[in-house]
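Trainee: Please find query16.cif (mmCIF, C-alpha atoms) on the next line:
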```cif
data_coords
loop_
_atom_site.group_PDB
_atom_site.id
_atom_site.type_symbol
_atom_site.label_atom_id
_atom_site.label_comp_id
_atom_site.auth_asym_id
_atom_site.auth_seq_id
_atom_site.Cartn_x
_atom_site.Cartn_y
_atom_site.Cartn_z
ATOM 1 C CA MET A 321 100.986 32.351 155.523
ATOM 2 C CA ALA A 322 102.272 34.127 152.407
ATOM 3 C CA THR A 323 99.787 32.231 150.292
ATOM 4 C CA TRP A 324 96.901 33.424 152.475
ATOM 5 C CA CYS A 325 97.982 37.099 152.173
ATOM 6 C CA VAL A 326 98.156 36.928 148.380
ATOM 7 C CA ARG A 327 94.657 35.442 148.265
ATOM 8 C CA ALA A 328 93.223 38.234 150.461
ATOM 9 C CA ILE A 329 94.742 40.967 148.281
ATOM 10 C CA ARG A 330 93.216 39.438 145.145
ATOM 11 C CA GLN A 331 89.735 39.309 146.701
ATOM 12 C CA THR A 332 89.938 42.944 147.788
ATOM 13 C CA SER A 333 90.975 44.154 144.325
ATOM 14 C CA SER A 334 88.136 42.214 142.718
ATOM 15 C CA ILE A 335 85.573 43.880 145.030
ATOM 16 C CA ILE A 336 86.866 47.375 144.232
ATOM 17 C CA ALA A 337 86.831 46.678 140.507
ATOM 18 C CA SER A 338 83.246 45.402 140.681
ATOM 19 C CA PRO A 339 81.013 47.174 138.030
ATOM 20 C CA SER A 340 78.046 47.418 140.382
ATOM 21 C CA LEU A 341 80.075 49.370 142.939
ATOM 22 C CA VAL A 342 81.436 51.748 140.272
ATOM 23 C CA ARG A 343 77.916 52.478 139.002
ATOM 24 C CA ALA A 344 76.610 53.078 142.519
ATOM 25 C CA THR A 345 79.200 55.784 143.341
ATOM 26 C CA PRO A 346 77.856 58.515 140.947
ATOM 27 C CA ARG A 347 74.338 57.836 142.202
ATOM 28 C CA LEU A 348 75.423 58.469 145.758
ATOM 29 C CA LEU A 349 77.089 61.704 144.728
ATOM 30 C CA CYS A 350 73.997 62.964 142.858
ATOM 31 C CA THR A 351 71.743 62.117 145.796
ATOM 32 C CA ALA A 352 73.984 64.078 148.161
ATOM 33 C CA ALA A 353 74.009 67.061 145.809
ATOM 34 C CA GLN A 354 70.199 67.022 145.534
ATOM 35 C CA GLN A 355 69.815 66.861 149.277
ATOM 36 C CA LYS A 356 72.187 69.823 149.675
ATOM 37 C CA SER A 357 70.339 71.900 147.068
ATOM 38 C CA SER A 358 66.961 71.132 148.616
ATOM 39 C CA VAL A 359 67.932 72.868 151.880
ATOM 40 C CA PRO A 360 65.638 75.981 152.126
ATOM 41 C CA GLY A 361 68.161 78.878 152.348
ATOM 42 C CA THR A 362 71.895 78.836 152.178
ATOM 43 C CA GLU A 363 74.252 80.320 154.688
ATOM 44 C CA GLU A 364 74.919 83.388 152.480
ATOM 45 C CA GLU A 365 71.194 84.102 152.115
ATOM 46 C CA ASN A 366 70.761 83.918 155.859
ATOM 47 C CA VAL A 367 73.580 86.404 156.318
ATOM 48 C CA THR A 368 72.289 88.964 153.743
ATOM 49 C CA GLN A 369 68.648 88.731 154.780
ATOM 50 C CA LYS A 370 67.725 91.565 157.193
ATOM 51 C CA PRO A 371 64.910 91.499 159.667
ATOM 52 C CA GLU A 372 61.949 93.826 159.213
ATOM 53 C CA PRO A 373 62.244 97.044 161.312
ATOM 54 C CA SER A 374 59.814 97.421 164.131
ATOM 55 C CA ALA A 375 57.155 100.139 164.386
ATOM 56 C CA ALA A 376 59.287 102.101 166.839
ATOM 57 C CA GLU A 377 62.274 102.028 164.475
ATOM 58 C CA LYS A 378 60.100 103.219 161.556
ATOM 59 C CA ALA A 379 58.747 106.106 163.641
ATOM 60 C CA PHE A 380 62.291 107.021 164.682
ATOM 61 C CA ILE A 381 63.473 107.049 161.053
ATOM 62 C CA GLU A 382 60.551 109.246 159.953
ATOM 63 C CA GLU A 383 61.147 111.687 162.793
ATOM 64 C CA LYS A 384 64.859 111.815 161.957
ATOM 65 C CA THR A 385 64.067 112.616 158.303
ATOM 66 C CA GLN A 386 61.674 115.395 159.303
ATOM 67 C CA LEU A 387 64.210 116.931 161.678
ATOM 68 C CA GLU A 388 66.892 116.870 158.983
ATOM 69 C CA GLU A 389 64.560 118.670 156.565
ATOM 70 C CA GLN A 390 63.666 121.260 159.209
ATOM 71 C CA LEU A 391 67.360 121.806 159.975
ATOM 72 C CA LYS A 392 68.112 122.293 156.292
ATOM 73 C CA ASP A 393 65.254 124.806 155.945
ATOM 74 C CA VAL A 394 66.304 126.769 159.036
ATOM 75 C CA THR A 395 69.947 126.829 157.883
ATOM 76 C CA ASP A 396 68.917 128.167 154.479
ATOM 77 C CA LYS A 397 66.773 130.909 156.076
ATOM 78 C CA TYR A 398 69.620 131.802 158.428
ATOM 79 C CA LYS A 399 72.066 132.201 155.538
ATOM 80 C CA ARG A 400 69.581 134.360 153.621
ATOM 81 C CA ALA A 401 69.024 136.542 156.676
ATOM 82 C CA LEU A 402 72.788 136.980 157.084
ATOM 83 C CA ALA A 403 73.137 137.995 153.423
ATOM 84 C CA ASP A 404 70.269 140.504 153.699
ATOM 85 C CA THR A 405 71.761 141.962 156.872
ATOM 86 C CA GLU A 406 75.174 142.343 155.212
ATOM 87 C CA ASN A 407 73.620 144.042 152.170
ATOM 88 C CA LEU A 408 71.705 146.410 154.438
ATOM 89 C CA ARG A 409 74.871 147.208 156.382
ATOM 90 C CA GLN A 410 76.785 147.975 153.184
ATOM 91 C CA ARG A 411 74.005 150.223 151.855
ATOM 92 C CA SER A 412 73.789 152.058 155.167
ATOM 93 C CA GLN A 413 77.552 152.535 155.258
ATOM 94 C CA LYS A 414 77.497 153.888 151.690
ATOM 95 C CA MET A 415 74.734 156.323 152.614
ATOM 96 C CA ILE A 416 76.770 157.509 155.599
ATOM 97 C CA ASP A 417 79.887 157.956 153.460
ATOM 98 C CA ASP A 418 77.917 159.833 150.796
ATOM 99 C CA ALA A 419 76.395 162.071 153.459
ATOM 100 C CA LYS A 420 79.876 162.918 154.705
ATOM 101 C CA LEU A 421 81.153 163.669 151.214
ATOM 102 C CA TYR A 422 78.146 165.375 149.667
ATOM 103 C CA GLY A 423 76.464 166.858 152.741
ATOM 104 C CA ILE A 424 77.908 170.263 151.808
ATOM 105 C CA GLN A 425 76.574 170.029 148.258
ATOM 106 C CA GLY A 426 73.865 172.678 148.774
ATOM 107 C CA PHE A 427 76.274 175.029 150.499
ATOM 108 C CA CYS A 428 78.800 174.615 147.699
ATOM 109 C CA LYS A 429 76.205 175.451 145.044
ATOM 110 C CA ASP A 430 75.478 178.718 146.790
ATOM 111 C CA LEU A 431 79.174 179.568 146.987
ATOM 112 C CA LEU A 432 79.612 178.928 143.277
ATOM 113 C CA GLU A 433 77.595 182.038 142.521
ATOM 114 C CA VAL A 434 79.997 184.068 144.655
ATOM 115 C CA ALA A 435 82.959 182.577 142.782
ATOM 116 C CA ASP A 436 81.317 183.440 139.456
ATOM 117 C CA ILE A 437 80.823 187.068 140.506
ATOM 118 C CA LEU A 438 84.461 187.370 141.597
ATOM 119 C CA GLU A 439 85.626 185.904 138.305
ATOM 120 C CA LYS A 440 83.470 188.296 136.254
ATOM 121 C CA ALA A 441 84.642 191.231 138.363
ATOM 122 C CA THR A 442 88.315 190.512 137.690
ATOM 123 C CA GLU A 443 87.680 189.936 133.981
ATOM 124 C CA SER A 444 85.750 193.195 133.589
ATOM 125 C CA VAL A 445 88.620 195.400 134.721
ATOM 126 C CA PRO A 446 90.636 196.681 131.731
ATOM 127 C CA LYS A 447 94.236 195.580 131.995
ATOM 128 C CA THR A 448 95.443 198.932 130.707
ATOM 129 C CA GLU A 449 93.885 200.676 133.686
ATOM 130 C CA ILE A 450 95.743 198.552 136.217
ATOM 131 C CA SER A 451 98.847 200.588 136.892
ATOM 132 C CA THR A 452 100.520 202.651 139.580
ATOM 133 C CA ALA A 453 98.917 205.698 138.067
ATOM 134 C CA ASN A 454 95.591 204.447 139.354
ATOM 135 C CA PRO A 455 96.534 202.929 142.755
ATOM 136 C CA HIS A 456 92.976 202.626 144.092
ATOM 137 C CA LEU A 457 91.818 200.536 141.133
ATOM 138 C CA LYS A 458 95.000 198.485 141.224
ATOM 139 C CA ASN A 459 94.573 197.701 144.930
ATOM 140 C CA LEU A 460 90.920 196.793 144.409
ATOM 141 C CA TYR A 461 91.810 194.500 141.509
ATOM 142 C CA ASP A 462 94.602 192.817 143.457
ATOM 143 C CA GLY A 463 92.199 192.235 146.360
ATOM 144 C CA LEU A 464 89.624 190.637 144.063
ATOM 145 C CA VAL A 465 92.254 188.371 142.505
ATOM 146 C CA MET A 466 93.533 187.287 145.914
ATOM 147 C CA THR A 467 89.974 186.581 147.089
ATOM 148 C CA GLU A 468 89.272 184.504 143.992
ATOM 149 C CA VAL A 469 92.488 182.510 144.447
ATOM 150 C CA GLN A 470 91.726 181.889 148.112
ATOM 151 C CA ILE A 471 88.173 180.718 147.495
ATOM 152 C CA GLN A 472 89.428 178.259 144.862
ATOM 153 C CA LYS A 473 91.902 176.877 147.414
ATOM 154 C CA VAL A 474 89.062 176.374 149.885
ATOM 155 C CA PHE A 475 87.018 174.639 147.176
ATOM 156 C CA GLN A 476 89.866 172.246 146.392
ATOM 157 C CA LYS A 477 90.382 171.528 150.095
ATOM 158 C CA HIS A 478 86.813 170.254 150.325
ATOM 159 C CA GLY A 479 86.909 168.306 147.041
ATOM 160 C CA LEU A 480 85.331 170.948 144.813
ATOM 161 C CA VAL A 481 87.165 171.213 141.483
ATOM 162 C CA LYS A 482 86.599 173.718 138.668
ATOM 163 C CA LEU A 483 85.819 172.460 135.149
ATOM 164 C CA ASN A 484 87.039 174.625 132.275
ATOM 165 C CA PRO A 485 86.808 172.272 129.272
ATOM 166 C CA ASP A 486 87.870 174.685 126.529
ATOM 167 C CA GLY A 487 89.099 172.652 123.526
ATOM 168 C CA GLN A 488 88.152 169.299 125.072
ATOM 169 C CA LYS A 489 85.772 166.655 123.744
ATOM 170 C CA PHE A 490 82.153 167.239 124.672
ATOM 171 C CA ASP A 491 81.031 165.044 127.584
ATOM 172 C CA PRO A 492 77.272 165.086 128.373
ATOM 173 C CA TYR A 493 77.989 164.037 131.969
ATOM 174 C CA GLU A 494 80.154 167.118 132.628
ATOM 175 C CA HIS A 495 79.086 169.660 130.019
ATOM 176 C CA GLU A 496 75.842 171.261 128.911
ATOM 177 C CA ALA A 497 75.690 172.441 125.306
ATOM 178 C CA VAL A 498 74.232 175.926 124.939
ATOM 179 C CA PHE A 499 74.642 176.078 121.153
ATOM 180 C CA HIS A 500 76.241 174.240 118.209
ATOM 181 C CA ALA A 501 78.099 176.089 115.474
ATOM 182 C CA PRO A 502 80.697 175.258 112.825
ATOM 183 C CA VAL A 503 84.133 176.642 113.690
ATOM 184 C CA GLU A 504 86.933 176.661 111.161
ATOM 185 C CA GLY A 505 90.040 174.798 112.213
ATOM 186 C CA LYS A 506 88.346 172.846 115.044
ATOM 187 C CA GLU A 507 87.155 169.274 115.092
ATOM 188 C CA ALA A 508 83.434 168.591 115.268
ATOM 189 C CA GLY A 509 82.261 167.544 118.728
ATOM 190 C CA THR A 510 84.851 169.600 120.579
ATOM 191 C CA ILE A 511 84.145 172.618 122.795
ATOM 192 C CA ALA A 512 84.761 175.972 121.163
ATOM 193 C CA VAL A 513 83.509 178.363 123.861
ATOM 194 C CA VAL A 514 82.969 178.077 127.624
ATOM 195 C CA THR A 515 80.265 180.528 128.708
ATOM 196 C CA LYS A 516 80.226 179.341 132.325
ATOM 197 C CA VAL A 517 82.669 177.040 134.109
ATOM 198 C CA GLY A 518 81.452 173.915 135.845
ATOM 199 C CA TYR A 519 82.378 172.207 139.107
ATOM 200 C CA LYS A 520 82.737 168.639 140.410
ATOM 201 C CA LEU A 521 82.416 167.609 144.057
ATOM 202 C CA HIS A 522 84.468 164.476 144.910
ATOM 203 C CA GLY A 523 84.231 163.276 141.321
ATOM 204 C CA ARG A 524 80.487 163.928 141.024
ATOM 205 C CA THR A 525 79.342 166.701 138.686
ATOM 206 C CA LEU A 526 77.891 169.449 140.861
ATOM 207 C CA ARG A 527 77.303 171.920 138.050
ATOM 208 C CA PRO A 528 77.934 171.170 134.364
ATOM 209 C CA ALA A 529 79.936 173.652 132.356
ATOM 210 C CA LEU A 530 77.893 175.685 129.854
ATOM 211 C CA VAL A 531 79.644 175.378 126.511
ATOM 212 C CA GLY A 532 79.348 175.947 122.788
ATOM 213 C CA VAL A 533 80.089 172.822 120.733
ATOM 214 C CA VAL A 534 81.608 172.687 117.254
ATOM 215 C CA LYS A 535 79.432 170.998 114.665
ATOM 216 C CA ALA A 536 80.350 169.708 111.229
ATOM 217 C CA PRO A 537 79.871 172.266 108.427
#
```
Could you quickly redo this structure as structure tokens?

Mentor:
Amino acid sequence: MATWCVRAIRQTSSIIASPSLVRATPRLLCTAAQQKSSVPGTEEENVTQKPEPSAAEKAFIEEKTQLEEQLKDVTDKYKRALADTENLRQRSQKMIDDAKLYGIQGFCKDLLEVADILEKATESVPKTEISTANPHLKNLYDGLVMTEVQIQKVFQKHGLVKLNPDGQKFDPYEHEAVFHAPVEGKEAGTIAVVTKVGYKLHGRTLRPALVGVVKAP
């Protein structure tokens, strides 16, 4: 029995070691590889390949694109309209505020002439004549001074401020030069004489001051 087993093992090993069987194995492998590669479409290609959309899907996509463009256009117009409305509101509000501040501009200009007359009247009275020896003139002068002071208080209450730029630098936005002349001891471009005071209403020049400006010799 042992002899028979040894003989069977030897025959099996000789078949496995046969050169014809060894040469046939690579051929079988190559044939299997060729058959696998000749399959029309791998599993990955089948997964990534997408079916063609139908006519209904194409129409839906086109309509969706058009609606998105229309929405974008309408949104842009809406934002522009909002910006224009806000700008209009701000301009209207500024016009209303200016009307409140400068609505009395014409009335103030007329009152300035009255203030100028009061100022000239008080300046024209000789100071030597104002005494208890002349009570009528003194009372008249005191009344003019009090009236001038009171009218200036009313002006300031409504935002009207006097400009008396004597000795200041000439500013074309607040002053109007009547003449230019060299003045000894004063810097060129400064105001030497104020012939008529000016006024500003809420920071805006209502009447420029009439001045004489120093020029270089």

Trainee: As a check of understanding, name the residues that the PyMOL selection byres ((chain A and resi 472-485) around 6) selects in the supplied structure, as a list in words.

Mentor: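 Here the PyMOL selection byres ((chain A and resi 472-485) around 6) matches Val469, Gln470, Ile471, Asp486, Gln488, Val517, Gly518, Tyr519, Lys520, Leu521 and His522 of chain A.
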
Trainee: Show me, as a list in words, the residues that have an atom within 7 Å of Tyr461 in chain A when counting all atoms listed in the file, minus same-chain residues fewer than 4 positions from it.

Mentor: Thr442, Leu457 and Val465 of chain A

Trainee: Any chance you could work out the residue set of the PyMOL selection byres ((chain A and resi 535) around 7) here, as a list of chain:residue names?

Mentor: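 Output of the PyMOL selection byres ((chain A and resi 535) around 7): A:His500, A:Ala501, A:Pro502, A:Ala508, A:Gly509, A:Val533, A:Val534, A:Ala536, A:Pro537.
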
Trainee: Between CA of Lys506 in chain A and CA of Lys489 in chain A, measure the distance and give it in Å to one decimal.

Mentor: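 Taking CA of Lys506 in chain A and CA of Lys489 in chain A, their separation equals 11.0 Å.
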
Trainee: List the neighbours of range 497-499 of chain A out to 10 Å using all atoms listed in the file; skip same-chain residues closer than 3 positions along the sequence, and give me the result as a list in words.

Mentor: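 Returned residues: Phe490, Asp491, Pro492, Ile511, Val513, Val514, Thr515, Pro528, Ala529, Leu530, Val531, Gly532, Val533, Val534 and Lys535 of chain A.
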
Trainee: Provide the CA of Thr525 in chain A to CA of Glu494 in chain A distance in Å, to one decimal place.

Mentor: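 Those two atoms sit 6.1 Å apart.
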
Trainee: Rounded to one decimal in Å, what is the spacing between CA of Tyr422 in chain A and CA of Gln410 in chain A?

Mentor: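 Distance reported for this atom pair: 17.8 Å.
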
Trainee: Could you pull range 474-490 of chain A out of the block above and give me N, CA and C atoms, as a PDB file, in the first residue's frame?

Mentor:
```pdb
ATOM      1  N   VAL A 474     -32.560 140.384  17.493  1.00  0.00           N
ATOM      2  CA  VAL A 474     -33.558 139.688  16.672  1.00  0.00           C
ATOM      3  C   VAL A 474     -32.884 139.013  15.473  1.00  0.00           C
ATOM      4  N   PHE A 475     -31.923 139.689  14.864  1.00  0.00           N
ATOM      5  CA  PHE A 475     -31.191 139.100  13.743  1.00  0.00           C
ATOM      6  C   PHE A 475     -30.488 137.801  14.175  1.00  0.00           C
ATOM      7  N   GLN A 476     -29.802 137.869  15.302  1.00  0.00           N
ATOM      8  CA  GLN A 476     -29.076 136.686  15.781  1.00  0.00           C
ATOM      9  C   GLN A 476     -30.026 135.548  16.139  1.00  0.00           C
ATOM     10  N   LYS A 477     -31.203 135.889  16.649  1.00  0.00           N
ATOM     11  CA  LYS A 477     -32.190 134.860  16.990  1.00  0.00           C
ATOM     12  C   LYS A 477     -32.617 134.068  15.763  1.00  0.00           C
ATOM     13  N   HIS A 478     -32.666 134.714  14.621  1.00  0.00           N
ATOM     14  CA  HIS A 478     -33.091 134.056  13.391  1.00  0.00           C
ATOM     15  C   HIS A 478     -31.903 133.660  12.499  1.00  0.00           C
ATOM     16  N   GLY A 479     -30.706 133.638  13.050  1.00  0.00           N
ATOM     17  CA  GLY A 479     -29.538 133.153  12.318  1.00  0.00           C
ATOM     18  C   GLY A 479     -28.871 134.173  11.439  1.00  0.00           C
ATOM     19  N   LEU A 480     -29.172 135.444  11.644  1.00  0.00           N
ATOM     20  CA  LEU A 480     -28.564 136.512  10.836  1.00  0.00           C
ATOM     21  C   LEU A 480     -27.442 137.156  11.644  1.00  0.00           C
ATOM     22  N   VAL A 481     -26.213 137.049  11.113  1.00  0.00           N
ATOM     23  CA  VAL A 481     -25.025 137.492  11.855  1.00  0.00           C
ATOM     24  C   VAL A 481     -24.328 138.601  11.068  1.00  0.00           C
ATOM     25  N   LYS A 482     -23.880 139.632  11.812  1.00  0.00           N
ATOM     26  CA  LYS A 482     -23.189 140.760  11.170  1.00  0.00           C
ATOM     27  C   LYS A 482     -21.736 140.390  10.866  1.00  0.00           C
ATOM     28  N   LEU A 483     -21.227 140.882   9.746  1.00  0.00           N
ATOM     29  CA  LEU A 483     -19.834 140.694   9.350  1.00  0.00           C
ATOM     30  C   LEU A 483     -19.144 142.049   9.344  1.00  0.00           C
ATOM     31  N   ASN A 484     -18.172 142.213  10.242  1.00  0.00           N
ATOM     32  CA  ASN A 484     -17.358 143.423  10.280  1.00  0.00           C
ATOM     33  C   ASN A 484     -15.893 142.992  10.236  1.00  0.00           C
ATOM     34  N   PRO A 485     -15.365 142.754   9.018  1.00  0.00           N
ATOM     35  CA  PRO A 485     -14.057 142.097   8.881  1.00  0.00           C
ATOM     36  C   PRO A 485     -12.863 143.037   8.917  1.00  0.00           C
ATOM     37  N   ASP A 486     -12.919 144.081   9.691  1.00  0.00           N
ATOM     38  CA  ASP A 486     -11.808 145.043   9.740  1.00  0.00           C
ATOM     39  C   ASP A 486     -10.541 144.339  10.235  1.00  0.00           C
ATOM     40  N   GLY A 487      -9.454 144.436   9.430  1.00  0.00           N
ATOM     41  CA  GLY A 487      -8.177 143.829   9.794  1.00  0.00           C
ATOM     42  C   GLY A 487      -8.054 142.360   9.436  1.00  0.00           C
ATOM     43  N   GLN A 488      -9.101 141.740   8.928  1.00  0.00           N
ATOM     44  CA  GLN A 488      -9.052 140.326   8.572  1.00  0.00           C
ATOM     45  C   GLN A 488      -8.520 140.135   7.148  1.00  0.00           C
ATOM     46  N   LYS A 489      -8.268 138.859   6.812  1.00  0.00           N
ATOM     47  CA  LYS A 489      -7.837 138.520   5.461  1.00  0.00           C
ATOM     48  C   LYS A 489      -9.024 138.603   4.508  1.00  0.00           C
ATOM     49  N   PHE A 490      -8.773 139.120   3.322  1.00  0.00           N
ATOM     50  CA  PHE A 490      -9.857 139.279   2.355  1.00  0.00           C
ATOM     51  C   PHE A 490     -10.366 137.902   1.891  1.00  0.00           C
TER      52      PHE A 490
END
```
